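Student: Pasting protein.pdb below, which is PDB, C-alpha atoms and all ligand atoms.
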ATOM      1  CA  MET U   1     -39.356 -68.581  11.432  1.00  0.00           C
ATOM      2  CA  GLN U   2     -40.404 -70.781   8.481  1.00  0.00           C
ATOM      3  CA  HIS U   3     -38.763 -69.987   5.134  1.00  0.00           C
ATOM      4  CA  LYS U   4     -39.746 -71.099   1.663  1.00  0.00           C
ATOM      5  CA  VAL U   5     -36.629 -72.846   0.380  1.00  0.00           C
ATOM      6  CA  ASN U   6     -36.104 -74.978  -2.695  1.00  0.00           C
ATOM      7  CA  GLN U   7     -35.639 -78.734  -2.300  1.00  0.00           C
ATOM      8  CA  GLY U   8     -31.973 -78.817  -3.385  1.00  0.00           C
ATOM      9  CA  THR U   9     -31.063 -76.218  -0.801  1.00  0.00           C
ATOM     10  CA  ARG U  10     -33.127 -77.959   1.861  1.00  0.00           C
ATOM     11  CA  ASP U  11     -31.399 -81.335   1.308  1.00  0.00           C
ATOM     12  CA  GLY U  12     -28.006 -79.872   2.180  1.00  0.00           C
ATOM     13  CA  ALA U  13     -29.296 -78.825   5.606  1.00  0.00           C
ATOM     14  CA  ALA U  14     -32.047 -81.353   6.412  1.00  0.00           C
ATOM     15  CA  VAL U  15     -29.658 -84.194   7.161  1.00  0.00           C
ATOM     16  CA  TYR U  16     -28.459 -82.466  10.349  1.00  0.00           C
ATOM     17  CA  SER U  17     -30.871 -84.056  12.817  1.00  0.00           C
ATOM     18  CA  PRO U  18     -29.938 -84.134  16.518  1.00  0.00           C
ATOM     19  CA  LEU U  19     -28.767 -87.743  16.031  1.00  0.00           C
ATOM     20  CA  VAL U  20     -26.567 -86.937  13.013  1.00  0.00           C
ATOM     21  CA  LEU U  21     -25.113 -83.944  14.858  1.00  0.00           C
ATOM     22  CA  LYS U  22     -24.194 -86.236  17.777  1.00  0.00           C
ATOM     23  CA  ALA U  23     -22.087 -88.373  15.407  1.00  0.00           C
ATOM     24  CA  TYR U  24     -20.811 -85.455  13.292  1.00  0.00           C
ATOM     25  CA  ASP U  25     -17.643 -84.545  15.175  1.00  0.00           C
ATOM     26  CA  LEU U  26     -16.459 -88.151  15.297  1.00  0.00           C
ATOM     27  CA  TRP U  27     -17.426 -89.150  11.749  1.00  0.00           C
ATOM     28  CA  VAL U  28     -16.748 -85.951   9.778  1.00  0.00           C
ATOM     29  CA  LEU U  29     -14.236 -83.964  11.807  1.00  0.00           C
ATOM     30  CA  GLY U  30     -12.412 -86.975  13.241  1.00  0.00           C
ATOM     31  CA  PHE U  31     -12.515 -89.744  10.640  1.00  0.00           C
ATOM     32  CA  SER U  32     -13.521 -88.323   7.232  1.00  0.00           C
ATOM     33  CA  ASN U  33     -11.364 -85.204   7.369  1.00  0.00           C
ATOM     34  CA  ARG U  34      -8.287 -87.331   8.002  1.00  0.00           C
ATOM     35  CA  TYR U  35      -8.919 -90.405   5.865  1.00  0.00           C
ATOM     36  CA  ALA U  36     -11.237 -89.269   3.048  1.00  0.00           C
ATOM     37  CA  TRP U  37     -10.545 -85.550   2.569  1.00  0.00           C
ATOM     38  CA  GLN U  38      -6.962 -85.670   3.904  1.00  0.00           C
ATOM     39  CA  CYS U  39      -7.306 -82.350   5.669  1.00  0.00           C
ATOM     40  CA  PRO U  40      -7.042 -83.014   9.419  1.00  0.00           C
ATOM     41  CA  THR U  41      -9.244 -80.971  11.717  1.00  0.00           C
ATOM     42  CA  ARG U  42      -6.923 -80.306  14.651  1.00  0.00           C
ATOM     43  CA  SER U  43      -3.701 -79.564  12.793  1.00  0.00           C
ATOM     44  CA  VAL U  44      -5.094 -77.714   9.732  1.00  0.00           C
ATOM     45  CA  LEU U  45      -8.732 -76.610   9.930  1.00  0.00           C
ATOM     46  CA  LEU U  46      -8.940 -75.551  13.588  1.00  0.00           C
ATOM     47  CA  PRO U  47      -5.792 -73.349  13.457  1.00  0.00           C
ATOM     48  CA  PHE U  48      -7.066 -71.808  10.199  1.00  0.00           C
ATOM     49  CA  PHE U  49     -10.422 -71.060  11.849  1.00  0.00           C
ATOM     50  CA  GLN U  50      -8.726 -69.458  14.860  1.00  0.00           C
ATOM     51  CA  GLN U  51      -6.276 -67.461  12.726  1.00  0.00           C
ATOM     52  CA  HIS U  52      -9.009 -65.173  11.349  1.00  0.00           C
ATOM     53  CA  LEU U  53     -11.480 -65.220  14.256  1.00  0.00           C
ATOM     54  CA  SER U  54     -12.231 -61.669  15.426  1.00  0.00           C
ATOM     55  CA  ALA U  55     -14.024 -60.238  18.460  1.00  0.00           C
ATOM     56  CA  ASN U  56     -17.066 -59.567  16.242  1.00  0.00           C
ATOM     57  CA  HIS U  57     -17.657 -62.809  14.369  1.00  0.00           C
ATOM     58  CA  LEU U  58     -20.373 -64.468  12.271  1.00  0.00           C
ATOM     59  CA  ASP U  59     -20.217 -68.249  11.718  1.00  0.00           C
ATOM     60  CA  VAL U  60     -22.262 -69.464   8.735  1.00  0.00           C
ATOM     61  CA  GLY U  61     -23.291 -73.140   8.381  1.00  0.00           C
ATOM     62  CA  VAL U  62     -22.564 -73.959  11.995  1.00  0.00           C
ATOM     63  CA  GLY U  63     -23.058 -77.733  12.351  1.00  0.00           C
ATOM     64  CA  THR U  64     -22.072 -78.698  15.897  1.00  0.00           C
ATOM     65  CA  GLY U  65     -20.053 -75.513  16.440  1.00  0.00           C
ATOM     66  CA  TYR U  66     -16.866 -77.538  16.991  1.00  0.00           C
ATOM     67  CA  TYR U  67     -14.502 -74.755  15.913  1.00  0.00           C
ATOM     68  CA  LEU U  68     -16.061 -72.149  18.190  1.00  0.00           C
ATOM     69  CA  ALA U  69     -16.213 -74.600  21.088  1.00  0.00           C
ATOM     70  CA  HIS U  70     -12.446 -75.107  20.711  1.00  0.00           C
ATOM     71  CA  SER U  71     -11.483 -71.443  20.428  1.00  0.00           C
ATOM     72  CA  SER U  72     -10.727 -68.798  22.998  1.00  0.00           C
ATOM     73  CA  PHE U  73     -12.412 -65.431  22.974  1.00  0.00           C
ATOM     74  CA  SER U  74     -11.804 -61.821  23.789  1.00  0.00           C
ATOM     75  CA  ALA U  75     -13.497 -60.299  26.850  1.00  0.00           C
ATOM     76  CA  LYS U  76     -15.891 -58.357  24.601  1.00  0.00           C
ATOM     77  CA  GLN U  77     -16.592 -61.197  22.205  1.00  0.00           C
ATOM     78  CA  LYS U  78     -19.634 -60.934  19.932  1.00  0.00           C
ATOM     79  CA  ILE U  79     -20.757 -64.074  18.112  1.00  0.00           C
ATOM     80  CA  ALA U  80     -23.601 -64.624  15.665  1.00  0.00           C
ATOM     81  CA  LEU U  81     -24.548 -68.024  14.227  1.00  0.00           C
ATOM     82  CA  LEU U  82     -26.388 -68.395  10.917  1.00  0.00           C
ATOM     83  CA  ASP U  83     -27.854 -71.671   9.673  1.00  0.00           C
ATOM     84  CA  LEU U  84     -30.911 -72.925   7.821  1.00  0.00           C
ATOM     85  CA  ASN U  85     -31.337 -75.760  10.314  1.00  0.00           C
ATOM     86  CA  ARG U  86     -32.563 -75.104  13.855  1.00  0.00           C
ATOM     87  CA  ASN U  87     -30.904 -78.296  15.169  1.00  0.00           C
ATOM     88  CA  SER U  88     -27.516 -76.963  14.084  1.00  0.00           C
ATOM     89  CA  LEU U  89     -28.189 -73.586  15.691  1.00  0.00           C
ATOM     90  CA  ALA U  90     -29.159 -75.295  18.965  1.00  0.00           C
ATOM     91  CA  ALA U  91     -26.133 -77.628  18.945  1.00  0.00           C
ATOM     92  CA  ALA U  92     -23.612 -74.909  18.066  1.00  0.00           C
ATOM     93  CA  SER U  93     -24.928 -72.379  20.556  1.00  0.00           C
ATOM     94  CA  ALA U  94     -24.913 -74.740  23.565  1.00  0.00           C
ATOM     95  CA  PRO U  95     -21.127 -74.851  24.227  1.00  0.00           C
ATOM     96  CA  ILE U  96     -20.794 -71.066  23.851  1.00  0.00           C
ATOM     97  CA  ALA U  97     -24.017 -70.120  25.654  1.00  0.00           C
ATOM     98  CA  HIS U  98     -21.974 -67.911  28.031  1.00  0.00           C
ATOM     99  CA  LEU U  99     -21.215 -65.631  25.059  1.00  0.00           C
ATOM    100  CA  LEU U 100     -24.944 -65.155  24.400  1.00  0.00           C
ATOM    101  CA  PRO U 101     -24.629 -65.872  20.669  1.00  0.00           C
ATOM    102  CA  LEU U 102     -27.163 -64.322  18.330  1.00  0.00           C
ATOM    103  CA  LEU U 103     -29.001 -67.096  16.430  1.00  0.00           C
ATOM    104  CA  ILE U 104     -30.097 -66.415  12.857  1.00  0.00           C
ATOM    105  CA  GLN U 105     -32.147 -68.947  10.906  1.00  0.00           C
ATOM    106  CA  GLU U 106     -31.559 -68.131   7.263  1.00  0.00           C
ATOM    107  CA  ASP U 107     -30.980 -69.848   3.927  1.00  0.00           C
ATOM    108  CA  ILE U 108     -27.733 -68.517   2.544  1.00  0.00           C
ATOM    109  CA  LEU U 109     -29.006 -69.042  -1.030  1.00  0.00           C
ATOM    110  CA  ASN U 110     -32.474 -67.538  -0.475  1.00  0.00           C
ATOM    111  CA  PRO U 111     -31.956 -64.924   2.238  1.00  0.00           C
ATOM    112  CA  ASN U 112     -34.924 -63.240   3.873  1.00  0.00           C
ATOM    113  CA  GLY U 113     -33.083 -60.306   5.372  1.00  0.00           C
ATOM    114  CA  ALA U 114     -32.613 -61.875   8.812  1.00  0.00           C
ATOM    115  CA  LEU U 115     -29.118 -60.350   9.102  1.00  0.00           C
ATOM    116  CA  GLY U 116     -30.617 -56.863   8.956  1.00  0.00           C
ATOM    117  CA  ASN U 117     -27.872 -54.264   8.706  1.00  0.00           C
ATOM    118  CA  GLN U 118     -25.412 -56.023  11.010  1.00  0.00           C
ATOM    119  CA  LYS U 119     -21.731 -56.041  10.116  1.00  0.00           C
ATOM    120  CA  PHE U 120     -18.963 -58.343  11.318  1.00  0.00           C
ATOM    121  CA  ASP U 121     -15.171 -58.118  11.331  1.00  0.00           C
ATOM    122  CA  SER U 122     -14.862 -61.796  10.419  1.00  0.00           C
ATOM    123  CA  ILE U 123     -17.202 -64.301   8.787  1.00  0.00           C
ATOM    124  CA  SER U 124     -16.453 -68.029   8.642  1.00  0.00           C
ATOM    125  CA  LEU U 125     -17.930 -70.434   6.122  1.00  0.00           C
ATOM    126  CA  PHE U 126     -16.603 -73.901   6.901  1.00  0.00           C
ATOM    127  CA  TYR U 127     -17.907 -76.918   4.981  1.00  0.00           C
ATOM    128  CA  LEU U 128     -20.993 -75.109   3.767  1.00  0.00           C
ATOM    129  CA  LEU U 129     -20.309 -74.465   0.061  1.00  0.00           C
ATOM    130  CA  HIS U 130     -19.918 -78.163  -0.786  1.00  0.00           C
ATOM    131  CA  CYS U 131     -23.360 -78.804   0.790  1.00  0.00           C
ATOM    132  CA  LEU U 132     -25.056 -76.324  -1.543  1.00  0.00           C
ATOM    133  CA  PRO U 133     -26.501 -77.427  -4.879  1.00  0.00           C
ATOM    134  CA  GLY U 134     -25.166 -76.095  -8.176  1.00  0.00           C
ATOM    135  CA  ASN U 135     -21.998 -74.821  -9.767  1.00  0.00           C
ATOM    136  CA  ILE U 136     -19.563 -73.257  -7.289  1.00  0.00           C
ATOM    137  CA  ARG U 137     -19.218 -70.120  -9.410  1.00  0.00           C
ATOM    138  CA  GLU U 138     -22.917 -69.439  -8.902  1.00  0.00           C
ATOM    139  CA  LYS U 139     -23.564 -70.771  -5.399  1.00  0.00           C
ATOM    140  CA  ALA U 140     -20.435 -69.139  -3.981  1.00  0.00           C
ATOM    141  CA  ALA U 141     -21.288 -65.874  -5.741  1.00  0.00           C
ATOM    142  CA  GLN U 142     -24.810 -66.002  -4.251  1.00  0.00           C
ATOM    143  CA  ALA U 143     -23.400 -66.573  -0.762  1.00  0.00           C
ATOM    144  CA  PHE U 144     -20.756 -63.847  -1.192  1.00  0.00           C
ATOM    145  CA  GLU U 145     -23.314 -61.402  -2.607  1.00  0.00           C
ATOM    146  CA  LEU U 146     -25.123 -61.628   0.732  1.00  0.00           C
ATOM    147  CA  LEU U 147     -22.136 -61.901   3.049  1.00  0.00           C
ATOM    148  CA  HIS U 148     -20.008 -59.096   1.603  1.00  0.00           C
ATOM    149  CA  GLN U 149     -22.767 -56.683   2.661  1.00  0.00           C
ATOM    150  CA  HIS U 150     -22.289 -57.811   6.267  1.00  0.00           C
ATOM    151  CA  LEU U 151     -18.505 -57.529   6.458  1.00  0.00           C
ATOM    152  CA  THR U 152     -16.809 -54.391   7.749  1.00  0.00           C
ATOM    153  CA  VAL U 153     -14.264 -52.732   5.476  1.00  0.00           C
ATOM    154  CA  GLY U 154     -10.981 -54.602   6.001  1.00  0.00           C
ATOM    155  CA  GLY U 155     -12.886 -57.536   7.520  1.00  0.00           C
ATOM    156  CA  THR U 156     -12.150 -61.131   6.528  1.00  0.00           C
ATOM    157  CA  LEU U 157     -14.379 -63.793   5.049  1.00  0.00           C
ATOM    158  CA  TYR U 158     -12.789 -67.227   5.239  1.00  0.00           C
ATOM    159  CA  GLY U 159     -13.637 -70.877   5.068  1.00  0.00           C
ATOM    160  CA  ALA U 160     -13.087 -74.349   3.734  1.00  0.00           C
ATOM    161  CA  THR U 161     -14.908 -76.545   1.238  1.00  0.00           C
ATOM    162  CA  ILE U 162     -14.421 -80.056  -0.147  1.00  0.00           C
ATOM    163  CA  LEU U 163     -13.473 -79.968  -3.823  1.00  0.00           C
ATOM    164  CA  GLY U 164     -15.119 -81.925  -6.641  1.00  0.00           C
ATOM    165  CA  ASP U 165     -14.224 -84.986  -8.712  1.00  0.00           C
ATOM    166  CA  HIS U 166     -11.257 -83.381 -10.502  1.00  0.00           C
ATOM    167  CA  VAL U 167      -9.041 -83.600  -7.379  1.00  0.00           C
ATOM    168  CA  ALA U 168      -8.793 -87.402  -7.676  1.00  0.00           C
ATOM    169  CA  HIS U 169     -10.372 -88.468  -4.412  1.00  0.00           C
ATOM    170  CA  ASN U 170      -9.135 -91.691  -2.831  1.00  0.00           C
ATOM    171  CA  TRP U 171     -11.243 -94.874  -2.633  1.00  0.00           C
ATOM    172  CA  LEU U 172     -13.101 -93.761   0.496  1.00  0.00           C
ATOM    173  CA  GLY U 173     -13.522 -90.196  -0.770  1.00  0.00           C
ATOM    174  CA  ARG U 174     -14.980 -91.366  -4.102  1.00  0.00           C
ATOM    175  CA  ARG U 175     -17.543 -93.518  -2.320  1.00  0.00           C
ATOM    176  CA  LEU U 176     -18.557 -90.763   0.074  1.00  0.00           C
ATOM    177  CA  MET U 177     -18.699 -88.217  -2.773  1.00  0.00           C
ATOM    178  CA  ARG U 178     -21.001 -90.500  -4.806  1.00  0.00           C
ATOM    179  CA  LEU U 179     -23.289 -91.281  -1.858  1.00  0.00           C
ATOM    180  CA  TYR U 180     -23.527 -87.728  -0.479  1.00  0.00           C
ATOM    181  CA  ASN U 181     -24.056 -86.141  -3.920  1.00  0.00           C
ATOM    182  CA  LYS U 182     -26.751 -88.722  -4.746  1.00  0.00           C
ATOM    183  CA  LYS U 183     -28.575 -87.914  -1.526  1.00  0.00           C
ATOM    184  CA  GLY U 184     -28.211 -84.143  -1.981  1.00  0.00           C
ATOM    185  CA  ILE U 185     -26.108 -83.825   1.199  1.00  0.00           C
ATOM    186  CA  PHE U 186     -23.271 -82.546  -1.046  1.00  0.00           C
ATOM    187  CA  GLY U 187     -23.575 -80.695  -4.356  1.00  0.00           C
ATOM    188  CA  ASN U 188     -19.889 -80.508  -5.219  1.00  0.00           C
ATOM    189  CA  HIS U 189     -19.138 -82.864  -8.161  1.00  0.00           C
ATOM    190  CA  ASP U 190     -17.936 -79.925 -10.291  1.00  0.00           C
ATOM    191  CA  ASP U 191     -16.469 -77.628  -7.618  1.00  0.00           C
ATOM    192  CA  THR U 192     -12.988 -76.376  -8.523  1.00  0.00           C
ATOM    193  CA  LEU U 193     -10.437 -74.194  -6.776  1.00  0.00           C
ATOM    194  CA  SER U 194     -10.233 -71.785  -9.715  1.00  0.00           C
ATOM    195  CA  ASP U 195     -14.011 -71.269  -9.875  1.00  0.00           C
ATOM    196  CA  LEU U 196     -14.021 -70.571  -6.138  1.00  0.00           C
ATOM    197  CA  GLU U 197     -11.209 -68.068  -6.606  1.00  0.00           C
ATOM    198  CA  SER U 198     -13.115 -66.335  -9.436  1.00  0.00           C
ATOM    199  CA  ALA U 199     -16.232 -66.006  -7.267  1.00  0.00           C
ATOM    200  CA  LEU U 200     -14.177 -64.548  -4.383  1.00  0.00           C
ATOM    201  CA  THR U 201     -12.414 -62.093  -6.674  1.00  0.00           C
ATOM    202  CA  ARG U 202     -15.784 -60.655  -7.782  1.00  0.00           C
ATOM    203  CA  TYR U 203     -16.538 -59.437  -4.254  1.00  0.00           C
ATOM    204  CA  PHE U 204     -13.302 -59.264  -2.301  1.00  0.00           C
ATOM    205  CA  THR U 205      -9.658 -58.246  -2.403  1.00  0.00           C
ATOM    206  CA  LYS U 206      -6.549 -59.988  -0.983  1.00  0.00           C
ATOM    207  CA  VAL U 207      -8.027 -63.295  -2.084  1.00  0.00           C
ATOM    208  CA  ASN U 208      -6.060 -66.284  -0.884  1.00  0.00           C
ATOM    209  CA  VAL U 209      -6.986 -69.800  -1.962  1.00  0.00           C
ATOM    210  CA  ARG U 210      -5.014 -72.976  -1.330  1.00  0.00           C
ATOM    211  CA  GLN U 211      -5.610 -76.694  -1.382  1.00  0.00           C
ATOM    212  CA  HIS U 212      -4.879 -79.054   1.498  1.00  0.00           C
ATOM    213  CA  GLY U 213      -5.690 -82.679   0.679  1.00  0.00           C
ATOM    214  CA  LYS U 214      -9.010 -82.520  -1.158  1.00  0.00           C
ATOM    215  CA  VAL U 215     -10.138 -79.349   0.603  1.00  0.00           C
ATOM    216  CA  ALA U 216      -9.943 -75.707  -0.508  1.00  0.00           C
ATOM    217  CA  LEU U 217      -9.044 -73.205   2.232  1.00  0.00           C
ATOM    218  CA  PHE U 218      -9.819 -69.607   1.372  1.00  0.00           C
ATOM    219  CA  SER U 219      -9.673 -66.137   2.867  1.00  0.00           C
ATOM    220  CA  ALA U 220     -10.459 -62.729   1.435  1.00  0.00           C
ATOM    221  CA  GLU U 221     -10.924 -59.153   2.614  1.00  0.00           C
ATOM    222  CA  LEU U 222     -13.496 -56.508   1.875  1.00  0.00           C
ATOM    223  CA  ALA U 223     -11.942 -53.457   0.267  1.00  0.00           C
ATOM    224  CA  ASN U 224     -13.133 -49.861   0.531  1.00  0.00           C
TER
HETATM  225  C1  LIG Y 301     -21.281 -79.860   6.931  1.00  0.00           C
HETATM  226  S1  LIG Y 301     -22.054 -78.800   8.117  1.00  0.00           S
HETATM  227  C2  LIG Y 301     -20.669 -77.764   8.521  1.00  0.00           C
HETATM  228  C3  LIG Y 301     -20.521 -77.542   9.995  1.00  0.00           C
HETATM  229  C4  LIG Y 301     -19.275 -76.792  10.454  1.00  0.00           C
HETATM  230  N1  LIG Y 301     -19.153 -75.478   9.866  1.00  0.00           N
HETATM  231  C5  LIG Y 301     -18.032 -77.606  10.191  1.00  0.00           C
HETATM  232  O1  LIG Y 301     -17.187 -77.179   9.399  1.00  0.00           O
HETATM  233  O2  LIG Y 301     -17.898 -78.671  10.786  1.00  0.00           O
HETATM  234  C6  LIG Y 301     -23.032 -77.742   7.109  1.00  0.00           C
HETATM  235  C7  LIG Y 301     -23.960 -76.821   7.868  1.00  0.00           C
HETATM  236  O3  LIG Y 301     -24.508 -75.906   6.919  1.00  0.00           O
HETATM  237  C8  LIG Y 301     -25.909 -75.809   7.103  1.00  0.00           C
HETATM  238  N2  LIG Y 301     -26.532 -75.487   5.799  1.00  0.00           N
HETATM  239  C9  LIG Y 301     -26.682 -76.286   4.735  1.00  0.00           C
HETATM  240  N3  LIG Y 301     -27.289 -75.638   3.728  1.00  0.00           N
HETATM  241  C10 LIG Y 301     -27.504 -74.367   4.180  1.00  0.00           C
HETATM  242  C11 LIG Y 301     -28.099 -73.199   3.597  1.00  0.00           C
HETATM  243  N4  LIG Y 301     -28.599 -73.231   2.358  1.00  0.00           N
HETATM  244  N5  LIG Y 301     -28.141 -72.072   4.332  1.00  0.00           N
HETATM  245  C12 LIG Y 301     -27.641 -72.030   5.598  1.00  0.00           C
HETATM  246  N6  LIG Y 301     -27.090 -73.105   6.200  1.00  0.00           N
HETATM  247  C13 LIG Y 301     -27.023 -74.269   5.512  1.00  0.00           C
HETATM  248  C14 LIG Y 301     -26.325 -77.160   7.659  1.00  0.00           C
HETATM  249  O4  LIG Y 301     -27.550 -77.115   8.342  1.00  0.00           O
HETATM  250  C15 LIG Y 301     -25.134 -77.506   8.547  1.00  0.00           C
HETATM  251  O5  LIG Y 301     -25.301 -76.991   9.854  1.00  0.00           O
END
Could you render the structure from this file as structure tokens?
Ligand SMILES: C[S@@+](CC[C@H](N)C(=O)[O-])C[C@H]1O[C@@H](n2cnc3c(N)ncnc32)[C@H](O)[C@@H]1O
Tutor:
Amino acid sequence: MQHKVNQGTRDGAAVYSPLVLKAYDLWVLGFSNRYAWQCPTRSVLLPFFQQHLSANHLDVGVGTGYYLAHSSFSAKQKIALLDLNRNSLAAASAPIAHLLPLLIQEDILNPNGALGNQKFDSISLFYLLHCLPGNIREKAAQAFELLHQHLTVGGTLYGATILGDHVAHNWLGRRLMRLYNKKGIFGNHDDTLSDLESALTRYFTKVNVRQHGKVALFSAELAN
């Protein structure tokens, strides 16, 4: 399905070619998470992903699908994957093909209704918000406006996003931030923890936001 998407939104997804996805786990999840963003994948992000994973799960902004590939599942597991980029959907679905994941090509900022009326008990949003252009209050609110409609009551939306310049990135982080923001791969210069929390509070209850290294980890529930 071909969507009309604006250029800023497209830039945050277009970089994920099959070649980039091949290097992604090593460069981003292995090296950058430890040395630039100071939020290690195996000891912090993976356990956080698994903590809220339910038997009826939607992963949004899937990349290589590392977190799903390293999780265990219930016998009746249902998984849906949503991404703007077909390469990401193909890469993330391959390791969990036995679960017959539902693939949804959709732009989280300009949705075309591809989610229909489906609801999930958990929705993950890892390293997607910092790829989106614009102020986090607005881009997060746009994403949550869509996703809260697809969460069951009492269900959990959770994720992680790299914070902006105010968190005093280290030498490597500053260079990566400058390069990625210039190229439109990131749009997070001004992203703050408190703006993220405000956007979550508009749609959800039991909002929990914390910072690990230069990364915000968040979870929230949908109330009645
Ligand atoms: C940095 S990767 C994150 C991958 C994985 N969740 C992780 O944490 O390693 C961002 C993913 O979000 C997707 N993406 C970027 N902009 C998007 C948008 N506007 N709508 C949906 N997906 C988008 C990209 O194609 C890519 O697969």
Student: Find the residues near U:Ser198: any atom within 10 Å, counting all atoms listed in the file, skip ones fewer than 5 places away on the same chain, and give them as a count of residues only.
Tutor: 7
Student: Would you tabulate, counting all atoms listed in the file, all residues of stretch 111-215 of chain U that have an atom at most 6 Å from an atom of stretch 17-40 of chain U, showing the closest pair of atoms and their distance in Å to one decimal, sorted by chain then ascending number, as a tab-separated table?
Tutor:
residue	atom	partner	partner_atom	distance
U:Leu172	CA	U:Ala36	CA	5.5
U:Gly173	CA	U:Ala36	CA	4.5
U:His212	CA	U:Cys39	CA	5.8
U:Gly213	CA	U:Gln38	CA	4.6
U:Lys214	CA	U:Trp37	CA	5.0
Student: Quick check on the file I pasted: which residues fall under the PyMOL selection byres (((not hetatm)) within 6 of (chain Y and resi 301))? Write them as a PyMOL selection string.
Tutor: chain U and resi 9+12-13+16+61-63+83-85+88+106-109+126-128+131-132
Student: What would the selection look like, as an MDAnalysis selection string, if the PyMOL selection byres (((chain U and resi 151) around 8) and not hetatm) were run on the coordinates I just shared?
Tutor: chainID U and resid 119:123 147:150 152:153 155:157 222
Student: Could you turn the residues from that selection into a file that holds C-alpha atoms, as a short mmCIF file (atom, residue, chain, number, x, y, z; two decimals), keeping the file's coordinate frame?
Tutor:
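The result, written out as part_38.cif:
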data_model
loop_
_atom_site.label_atom_id
_atom_site.label_comp_id
_atom_site.auth_asym_id
_atom_site.auth_seq_id
_atom_site.Cartn_x
_atom_site.Cartn_y
_atom_site.Cartn_z
CA LYS U 119 -21.73 -56.04 10.12
CA PHE U 120 -18.96 -58.34 11.32
CA ASP U 121 -15.17 -58.12 11.33
CA SER U 122 -14.86 -61.80 10.42
CA ILE U 123 -17.20 -64.30 8.79
CA LEU U 147 -22.14 -61.90 3.05
CA HIS U 148 -20.01 -59.10 1.60
CA GLN U 149 -22.77 -56.68 2.66
CA HIS U 150 -22.29 -57.81 6.27
CA THR U 152 -16.81 -54.39 7.75
CA VAL U 153 -14.26 -52.73 5.48
CA GLY U 155 -12.89 -57.54 7.52
CA THR U 156 -12.15 -61.13 6.53
CA LEU U 157 -14.38 -63.79 5.05
CA LEU U 222 -13.50 -56.51 1.88
#
Student: In Å to one decimal, how far is atom CA of U:Leu82 from atom CA of U:His98?
Tutor: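 Atom CA of U:Leu82 lies 17.7 Å from atom CA of U:His98.
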Student: Using the file's own x, y and z axes, so that the box edges lie along x, y and z, what centre and edge lengths in Å (one decimal) does a box around every listed atom of stretch 21-32 of chain U get when 4 Å is added on each side? Give it as lines of an AutoDock Vina configuration file.
Tutor:
center_x = -18.8
center_y = -86.8
center_z = 12.5
size_x = 20.7
size_y = 13.8
size_z = 18.5
Student: Kindly indicate which residue among U:Ser74, U:Asn135, U:Thr64, U:Gln142 lies nearest to U:Pro111, using all atoms listed in the file for the distances.
Tutor: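 That would be U:Gln142, the residue with the smallest distance to U:Pro111.
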Student: Using atom CA of U:Ser43 and atom CA of U:Pro101 as the two end points, give the distance in Å to one decimal.
Tutor: 26.2 Å
